[in-house]
>>> print(open('final_15.cif').read())   # mmCIF, C-alpha atoms
data_upload
#
loop_
_atom_site.group_PDB
_atom_site.id
_atom_site.type_symbol
_atom_site.label_atom_id
_atom_site.label_comp_id
_atom_site.auth_asym_id
_atom_site.auth_seq_id
_atom_site.Cartn_x
_atom_site.Cartn_y
_atom_site.Cartn_z
ATOM 1 C CA MET A 1 -29.073 -87.337 -33.898
ATOM 2 C CA THR A 2 -27.221 -84.017 -33.938
ATOM 3 C CA THR A 3 -28.829 -80.611 -33.691
ATOM 4 C CA HIS A 4 -27.983 -80.044 -37.340
ATOM 5 C CA GLN A 5 -29.826 -83.218 -38.326
ATOM 6 C CA ARG A 6 -32.854 -81.933 -36.394
ATOM 7 C CA GLY A 7 -32.706 -78.671 -38.296
ATOM 8 C CA LEU A 8 -31.314 -76.513 -35.444
ATOM 9 C CA THR A 9 -28.155 -74.536 -35.929
ATOM 10 C CA GLU A 10 -25.706 -74.082 -33.054
ATOM 11 C CA PRO A 11 -26.847 -70.489 -32.319
ATOM 12 C CA ALA A 12 -30.480 -71.587 -32.466
ATOM 13 C CA THR A 13 -29.740 -74.411 -30.026
ATOM 14 C CA GLU A 14 -28.089 -72.017 -27.582
ATOM 15 C CA THR A 15 -31.014 -69.616 -27.883
ATOM 16 C CA ALA A 16 -33.486 -72.423 -27.200
ATOM 17 C CA ILE A 17 -31.524 -73.522 -24.114
ATOM 18 C CA ASP A 18 -31.296 -69.928 -22.882
ATOM 19 C CA GLN A 19 -35.056 -69.428 -23.223
ATOM 20 C CA ALA A 20 -35.832 -72.767 -21.573
ATOM 21 C CA CYS A 21 -33.565 -71.951 -18.626
ATOM 22 C CA ARG A 22 -35.271 -68.595 -18.194
ATOM 23 C CA LEU A 23 -38.689 -70.260 -18.264
ATOM 24 C CA LEU A 24 -37.644 -72.992 -15.825
ATOM 25 C CA ARG A 25 -35.692 -70.539 -13.632
ATOM 26 C CA LEU A 26 -32.346 -72.279 -13.943
ATOM 27 C CA PRO A 27 -29.934 -69.302 -13.878
ATOM 28 C CA THR A 28 -26.802 -71.324 -13.148
ATOM 29 C CA ILE A 29 -27.370 -73.769 -16.008
ATOM 30 C CA ARG A 30 -28.166 -70.803 -18.234
ATOM 31 C CA GLY A 31 -24.907 -69.114 -17.314
ATOM 32 C CA GLN A 32 -22.692 -72.209 -17.326
ATOM 33 C CA PHE A 33 -24.150 -74.264 -20.164
ATOM 34 C CA ILE A 34 -21.704 -73.188 -22.875
ATOM 35 C CA PRO A 35 -18.436 -73.474 -20.865
ATOM 36 C CA THR A 36 -19.647 -76.753 -19.337
ATOM 37 C CA ALA A 37 -20.539 -78.097 -22.772
ATOM 38 C CA ASP A 38 -17.112 -77.080 -24.110
ATOM 39 C CA ALA A 39 -15.397 -78.759 -21.136
ATOM 40 C CA ALA A 40 -17.501 -81.894 -21.564
ATOM 41 C CA GLU A 41 -16.498 -82.090 -25.214
ATOM 42 C CA ARG A 42 -12.804 -81.734 -24.366
ATOM 43 C CA GLU A 43 -13.032 -84.307 -21.571
ATOM 44 C CA GLN A 44 -15.251 -86.631 -23.627
ATOM 45 C CA LEU A 45 -17.932 -86.840 -20.957
ATOM 46 C CA THR A 46 -20.970 -88.998 -21.592
ATOM 47 C CA TYR A 47 -24.356 -87.331 -21.974
ATOM 48 C CA ARG A 48 -25.183 -88.485 -18.446
ATOM 49 C CA GLY A 49 -21.951 -87.048 -17.097
ATOM 50 C CA PHE A 50 -22.565 -83.723 -18.820
ATOM 51 C CA LEU A 51 -26.116 -83.537 -17.461
ATOM 52 C CA ALA A 52 -24.887 -84.389 -13.941
ATOM 53 C CA GLU A 53 -22.312 -81.573 -14.105
ATOM 54 C CA LEU A 54 -24.972 -79.032 -15.032
ATOM 55 C CA LEU A 55 -27.507 -80.190 -12.459
ATOM 56 C CA MET A 56 -24.962 -80.297 -9.609
ATOM 57 C CA ALA A 57 -23.799 -76.793 -10.495
ATOM 58 C CA GLU A 58 -27.402 -75.577 -10.291
ATOM 59 C CA CYS A 59 -27.949 -77.330 -6.948
ATOM 60 C CA ASP A 60 -24.702 -75.978 -5.469
ATOM 61 C CA ASP A 61 -25.515 -72.439 -6.559
ATOM 62 C CA ARG A 62 -29.041 -72.634 -5.163
ATOM 63 C CA GLN A 63 -27.631 -73.842 -1.848
ATOM 64 C CA ARG A 64 -25.188 -70.927 -1.831
ATOM 65 C CA ARG A 65 -27.940 -68.406 -2.546
ATOM 66 C CA ARG A 66 -30.165 -69.884 0.180
ATOM 67 C CA SER A 67 -27.304 -69.605 2.662
ATOM 68 C CA GLU A 68 -26.711 -65.990 1.675
ATOM 69 C CA ARG A 69 -30.414 -65.188 2.174
ATOM 70 C CA ARG A 70 -30.500 -66.867 5.586
ATOM 71 C CA ILE A 71 -27.353 -65.058 6.728
ATOM 72 C CA LYS A 72 -28.776 -61.740 5.545
ATOM 73 C CA ALA A 73 -32.111 -62.461 7.253
ATOM 74 C CA ALA A 74 -30.300 -63.214 10.535
ATOM 75 C CA GLY A 75 -29.404 -59.532 10.844
ATOM 76 C CA PHE A 76 -25.748 -59.910 11.783
ATOM 77 C CA PRO A 77 -24.113 -56.474 12.167
ATOM 78 C CA ARG A 78 -21.027 -57.614 10.256
ATOM 79 C CA GLN A 79 -19.610 -60.742 8.655
ATOM 80 C CA LYS A 80 -17.572 -62.996 10.905
ATOM 81 C CA TRP A 81 -16.421 -66.520 10.077
ATOM 82 C CA LEU A 82 -14.734 -69.241 12.094
ATOM 83 C CA SER A 83 -12.037 -69.382 9.418
ATOM 84 C CA GLY A 84 -11.124 -65.834 10.397
ATOM 85 C CA PHE A 85 -10.917 -66.479 14.137
ATOM 86 C CA ASP A 86 -7.388 -66.451 15.536
ATOM 87 C CA PHE A 87 -7.323 -69.070 18.283
ATOM 88 C CA ASP A 88 -3.693 -68.216 19.048
ATOM 89 C CA ALA A 89 -4.846 -64.753 20.105
ATOM 90 C CA ASN A 90 -6.917 -66.243 22.936
ATOM 91 C CA ARG A 91 -5.646 -69.607 24.151
ATOM 92 C CA SER A 92 -8.497 -69.961 26.659
ATOM 93 C CA ILE A 93 -10.917 -70.761 23.816
ATOM 94 C CA PRO A 94 -10.735 -74.476 22.884
ATOM 95 C CA PRO A 95 -10.665 -74.881 19.068
ATOM 96 C CA ALA A 96 -11.969 -78.465 19.236
ATOM 97 C CA VAL A 97 -15.083 -77.360 21.124
ATOM 98 C CA ILE A 98 -15.749 -74.502 18.692
ATOM 99 C CA HIS A 99 -15.369 -76.756 15.658
ATOM 100 C CA THR A 100 -17.728 -79.282 17.258
ATOM 101 C CA LEU A 101 -20.263 -76.491 17.812
ATOM 102 C CA ALA A 102 -19.902 -75.581 14.120
ATOM 103 C CA LYS A 103 -21.539 -78.930 13.280
ATOM 104 C CA CYS A 104 -24.733 -77.462 14.826
ATOM 105 C CA GLU A 105 -25.894 -80.532 16.767
ATOM 106 C CA TRP A 106 -26.591 -78.229 19.720
ATOM 107 C CA VAL A 107 -28.944 -76.200 17.502
ATOM 108 C CA LYS A 108 -30.638 -79.364 16.297
ATOM 109 C CA ASN A 109 -31.164 -80.442 19.923
ATOM 110 C CA GLY A 110 -32.342 -77.015 21.108
ATOM 111 C CA HIS A 111 -29.489 -76.530 23.572
ATOM 112 C CA PRO A 112 -28.139 -73.150 24.744
ATOM 113 C CA LEU A 113 -24.675 -71.696 24.258
ATOM 114 C CA CYS A 114 -23.097 -69.150 26.619
ATOM 115 C CA LEU A 115 -19.996 -67.145 25.701
ATOM 116 C CA ILE A 116 -18.730 -65.362 28.794
ATOM 117 C CA GLY A 117 -15.746 -63.032 29.068
ATOM 118 C CA ASP A 118 -14.398 -59.521 29.121
ATOM 119 C CA LEU A 119 -14.823 -56.949 26.395
ATOM 120 C CA GLY A 120 -12.641 -57.660 23.357
ATOM 121 C CA THR A 121 -12.057 -61.365 24.016
ATOM 122 C CA GLY A 122 -13.729 -62.658 20.843
ATOM 123 C CA LYS A 123 -17.237 -63.410 22.156
ATOM 124 C CA SER A 124 -19.176 -61.526 19.485
ATOM 125 C CA HIS A 125 -16.953 -62.905 16.724
ATOM 126 C CA LEU A 126 -17.740 -66.456 17.845
ATOM 127 C CA LEU A 127 -21.428 -65.688 18.374
ATOM 128 C CA ILE A 128 -21.803 -64.327 14.843
ATOM 129 C CA ALA A 129 -19.587 -66.981 13.250
ATOM 130 C CA LEU A 130 -21.440 -69.871 14.903
ATOM 131 C CA GLY A 131 -24.736 -68.227 13.982
ATOM 132 C CA ALA A 132 -23.554 -68.050 10.372
ATOM 133 C CA GLU A 133 -22.622 -71.743 10.487
ATOM 134 C CA ALA A 134 -26.152 -72.546 11.651
ATOM 135 C CA ALA A 135 -27.634 -70.417 8.872
ATOM 136 C CA MET A 136 -25.523 -72.241 6.290
ATOM 137 C CA ALA A 137 -26.754 -75.522 7.776
ATOM 138 C CA GLU A 138 -30.305 -74.386 6.869
ATOM 139 C CA TYR A 139 -31.386 -73.322 10.352
ATOM 140 C CA ARG A 140 -33.362 -70.109 10.838
ATOM 141 C CA VAL A 141 -31.198 -67.696 12.811
ATOM 142 C CA LYS A 142 -31.785 -64.285 14.363
ATOM 143 C CA TYR A 143 -29.162 -61.997 15.894
ATOM 144 C CA VAL A 144 -30.161 -59.183 18.230
ATOM 145 C CA LEU A 145 -28.613 -57.000 20.925
ATOM 146 C CA ALA A 146 -30.067 -57.665 24.371
ATOM 147 C CA ALA A 147 -31.086 -54.034 24.875
ATOM 148 C CA LYS A 148 -32.773 -53.878 21.477
ATOM 149 C CA LEU A 149 -34.695 -57.086 22.132
ATOM 150 C CA VAL A 150 -35.963 -55.864 25.500
ATOM 151 C CA ASN A 151 -36.980 -52.513 24.018
ATOM 152 C CA GLU A 152 -38.880 -54.326 21.284
ATOM 153 C CA LEU A 153 -40.663 -56.489 23.838
ATOM 154 C CA VAL A 154 -41.574 -53.457 25.965
ATOM 155 C CA GLU A 155 -43.036 -51.685 22.931
ATOM 156 C CA ALA A 156 -44.920 -54.844 21.959
ATOM 157 C CA ALA A 157 -46.380 -55.098 25.474
ATOM 158 C CA ASP A 158 -47.483 -51.460 25.353
ATOM 159 C CA GLU A 159 -49.120 -52.053 21.965
ATOM 160 C CA LEU A 160 -50.782 -55.276 23.172
ATOM 161 C CA ILE A 161 -48.928 -57.431 20.628
ATOM 162 C CA LEU A 162 -46.479 -59.131 23.011
ATOM 163 C CA ASN A 163 -47.734 -62.656 22.302
ATOM 164 C CA LYS A 164 -47.399 -62.054 18.566
ATOM 165 C CA THR A 165 -43.835 -60.781 18.996
ATOM 166 C CA ILE A 166 -42.828 -63.729 21.183
ATOM 167 C CA ALA A 167 -44.369 -66.096 18.622
ATOM 168 C CA ARG A 168 -42.298 -64.450 15.881
ATOM 169 C CA TYR A 169 -39.093 -65.123 17.801
ATOM 170 C CA ARG A 170 -40.263 -68.688 18.425
ATOM 171 C CA ARG A 171 -39.966 -69.388 14.697
ATOM 172 C CA PHE A 172 -36.174 -69.069 14.770
ATOM 173 C CA ASP A 173 -34.158 -72.224 15.381
ATOM 174 C CA LEU A 174 -31.366 -70.161 16.926
ATOM 175 C CA LEU A 175 -31.661 -66.816 18.694
ATOM 176 C CA CYS A 176 -28.298 -65.072 19.187
ATOM 177 C CA ILE A 177 -28.427 -62.435 21.940
ATOM 178 C CA ASP A 178 -25.355 -60.226 22.140
ATOM 179 C CA GLU A 179 -24.210 -57.914 24.938
ATOM 180 C CA LEU A 180 -26.393 -59.513 27.611
ATOM 181 C CA GLY A 181 -25.422 -58.089 30.983
ATOM 182 C CA TYR A 182 -23.509 -55.296 29.276
ATOM 183 C CA MET A 183 -25.767 -52.542 30.557
ATOM 184 C CA GLU A 184 -28.832 -51.900 32.661
ATOM 185 C CA LEU A 185 -31.978 -52.690 30.727
ATOM 186 C CA ASP A 186 -35.514 -51.410 30.985
ATOM 187 C CA LYS A 187 -37.235 -52.199 34.279
ATOM 188 C CA ARG A 188 -39.444 -54.571 32.328
ATOM 189 C CA ALA A 189 -36.492 -56.718 31.276
ATOM 190 C CA ASP A 190 -38.483 -59.562 32.798
ATOM 191 C CA LEU A 191 -40.199 -59.766 29.397
ATOM 192 C CA LEU A 192 -37.007 -61.387 28.111
ATOM 193 C CA PHE A 193 -37.708 -64.249 30.509
ATOM 194 C CA GLN A 194 -40.888 -64.967 28.578
ATOM 195 C CA VAL A 195 -38.946 -65.326 25.326
ATOM 196 C CA LEU A 196 -36.428 -67.675 26.957
ATOM 197 C CA THR A 197 -39.132 -69.742 28.634
ATOM 198 C CA ASP A 198 -41.015 -70.004 25.349
ATOM 199 C CA ARG A 199 -37.896 -71.505 23.714
ATOM 200 C CA GLU A 200 -36.780 -73.732 26.599
ATOM 201 C CA GLU A 201 -35.652 -77.189 25.411
ATOM 202 C CA THR A 202 -37.273 -76.629 22.010
ATOM 203 C CA ALA A 203 -35.098 -74.005 20.281
ATOM 204 C CA SER A 204 -31.570 -72.781 20.896
ATOM 205 C CA VAL A 205 -30.423 -69.533 22.444
ATOM 206 C CA ALA A 206 -26.816 -68.355 22.218
ATOM 207 C CA ILE A 207 -25.685 -65.428 24.330
ATOM 208 C CA ALA A 208 -22.538 -63.370 24.678
ATOM 209 C CA SER A 209 -21.989 -61.589 27.983
ATOM 210 C CA ASN A 210 -19.194 -59.729 29.745
ATOM 211 C CA GLU A 211 -20.577 -60.836 33.118
ATOM 212 C CA SER A 212 -20.265 -64.364 34.484
ATOM 213 C CA PHE A 213 -23.977 -64.818 35.194
ATOM 214 C CA GLY A 214 -23.937 -62.064 37.813
ATOM 215 C CA TRP A 215 -26.525 -60.049 35.954
ATOM 216 C CA THR A 216 -27.999 -58.167 38.907
ATOM 217 C CA LYS A 217 -27.382 -54.833 37.162
ATOM 218 C CA THR A 218 -29.363 -56.017 34.166
ATOM 219 C CA PHE A 219 -32.024 -57.922 36.080
ATOM 220 C CA THR A 220 -32.353 -56.173 39.418
ATOM 221 C CA GLU A 221 -34.783 -58.708 40.871
ATOM 222 C CA PRO A 222 -32.613 -61.599 42.212
ATOM 223 C CA ARG A 223 -35.204 -64.336 41.634
ATOM 224 C CA LEU A 224 -35.718 -63.247 38.023
ATOM 225 C CA CYS A 225 -31.964 -63.153 37.464
ATOM 226 C CA ALA A 226 -31.617 -66.682 38.873
ATOM 227 C CA ALA A 227 -34.480 -67.953 36.705
ATOM 228 C CA ILE A 228 -32.949 -66.497 33.534
ATOM 229 C CA VAL A 229 -29.546 -67.978 34.359
ATOM 230 C CA ASP A 230 -31.266 -71.335 34.903
ATOM 231 C CA ARG A 231 -32.938 -71.139 31.485
ATOM 232 C CA LEU A 232 -29.650 -70.279 29.768
ATOM 233 C CA THR A 233 -27.425 -72.846 31.462
ATOM 234 C CA PHE A 234 -29.546 -76.011 31.461
ATOM 235 C CA ASN A 235 -27.927 -78.393 28.935
ATOM 236 C CA ALA A 236 -25.748 -75.468 27.812
ATOM 237 C CA THR A 237 -22.252 -75.322 26.447
ATOM 238 C CA ILE A 238 -20.470 -72.620 28.450
ATOM 239 C CA ILE A 239 -17.271 -71.119 27.059
ATOM 240 C CA GLU A 240 -15.342 -68.612 29.126
ATOM 241 C CA THR A 241 -13.236 -66.351 26.932
ATOM 242 C CA GLU A 242 -11.506 -65.021 30.064
ATOM 243 C CA THR A 243 -9.774 -61.626 30.129
ATOM 244 C CA SER A 244 -7.118 -61.867 27.417
ATOM 245 C CA PHE A 245 -7.793 -59.209 24.825
ATOM 246 C CA TYR A 246 -8.411 -61.054 21.577
ATOM 247 C CA ARG A 247 -8.707 -57.919 19.432
ATOM 248 C CA MET A 248 -5.401 -56.544 20.646
ATOM 249 C CA ALA A 249 -3.546 -59.854 20.286
ATOM 250 C CA HIS A 250 -5.115 -60.558 16.894
ATOM 251 C CA GLY A 251 -4.215 -57.070 15.661
ATOM 252 C CA ARG A 252 -0.666 -57.437 16.902
ATOM 253 C CA ALA A 253 -0.318 -60.818 15.135
ATOM 254 C CA LYS A 254 -1.591 -59.342 11.852
ATOM 255 C CA THR A 255 0.880 -56.480 12.142
ATOM 256 C CA GLN A 256 3.788 -58.836 12.798
ATOM 257 C CA THR A 257 2.920 -60.975 9.762
ATOM 258 C CA GLY A 258 2.331 -57.939 7.562
ATOM 259 C CA ASP A 259 -1.332 -58.831 7.064
ATOM 260 C CA THR A 260 -3.185 -55.565 7.578
ATOM 261 C CA ALA A 261 -6.205 -56.393 5.422
#
>>> encode(input="final_15.cif", output="structure tokens")
Amino acid sequence: MTTHQRGLTEPATETAIDQACRLLRLPTIRGQFIPTADAAEREQLTYRGFLAELLMAECDDRQRRRSERRIKAAGFPRQKWLSGFDFDANRSIPPAVIHTLAKCEWVKNGHPLCLIGDLGTGKSHLLIALGAEAAMAEYRVKYVLAAKLVNELVEAADELILNKTIARYRRFDLLCIDELGYMELDKRADLLFQVLTDREETASVAIASNESFGWTKTFTEPRLCAAIVDRLTFNATIIETETSFYRMAHGRAKTQTGDTA
């Protein structure tokens, strides 16, 4: 039976669908119903096929919006994607290993990731990009600078809410710590050890550092430094980005190809 036989005109039908989609909170179906219906008519889709097209569009769009919310919640300072990483600019970084990491099995298994190398070798790009991959795979991700994290922990200890703060970080499936070992931290940087211990073998930590585990400037107590290194390297994937300057090489390659975007 057509809509006309039921007493509904075409505009009335579209209005009814629009109102129903608003009520049921189906924004994608609401926005795509008419063009999808027109396409279905041209392609002679069955009713089932037409319904499947609409429902899959809604599911895909909801997945996209969830990914966008998780990436935003992660607190990345800028957008970086693996598709934008120029492996030719730093040949010491193995593409196969990075693409395997992008599947996020290491996050699922609670294993660490260490990106070690000089300033400008692509560490932060990879840290953010792999964090974004985990967020899109529906893991809860948090990005933070090492100094900022330690300062937060020190303030939490002073305010007697350290356990609450550590518990909040425990909720993330992946904690990305950037610039570890980059500068001297507060004398109570040992509080970071508590966060790492709390996550050991249960939730992943990914770090980017310009020092190859010789973090005595950051953690002045040798035994603490050794304990933190132990926490971060057990079952870890360790990628050394070496000393080649990724930013410089990548910029030069873009200039040579005329891509200055």
>>> atom_distance(input="final_15.cif", atom1="CA of Ser212 (chain A)", atom2="CA of Ser124 (chain A)")
15.3 Å
>>> atom_distance(input="final_15.cif", atom1="CA of Thr241 (chain A)", atom2="CA of Asn210 (chain A)")
9.3 Å
>>> closest_residue(input="final_15.cif", among="A:Ala203, A:Ile71, A:Ala12, A:Val229", to="Leu174 (chain A)", atoms="only C-alpha atoms")
A:Ala203
>>> resolve_selection(input="final_15.cif", expression="the PyMOL selection byres ((chain A and resi 206) around 10)", output="PyMOL selection string")
chain A and resi 107+111-115+127-128+130-131+143+174-178+204-205+207-208+232+236-238
>>> closest_residue(input="final_15.cif", among="A:Arg66, A:Lys142, A:Lys123, A:Lys148", to="Ser209 (chain A)", atoms="all atoms listed in the file")
A:Lys123
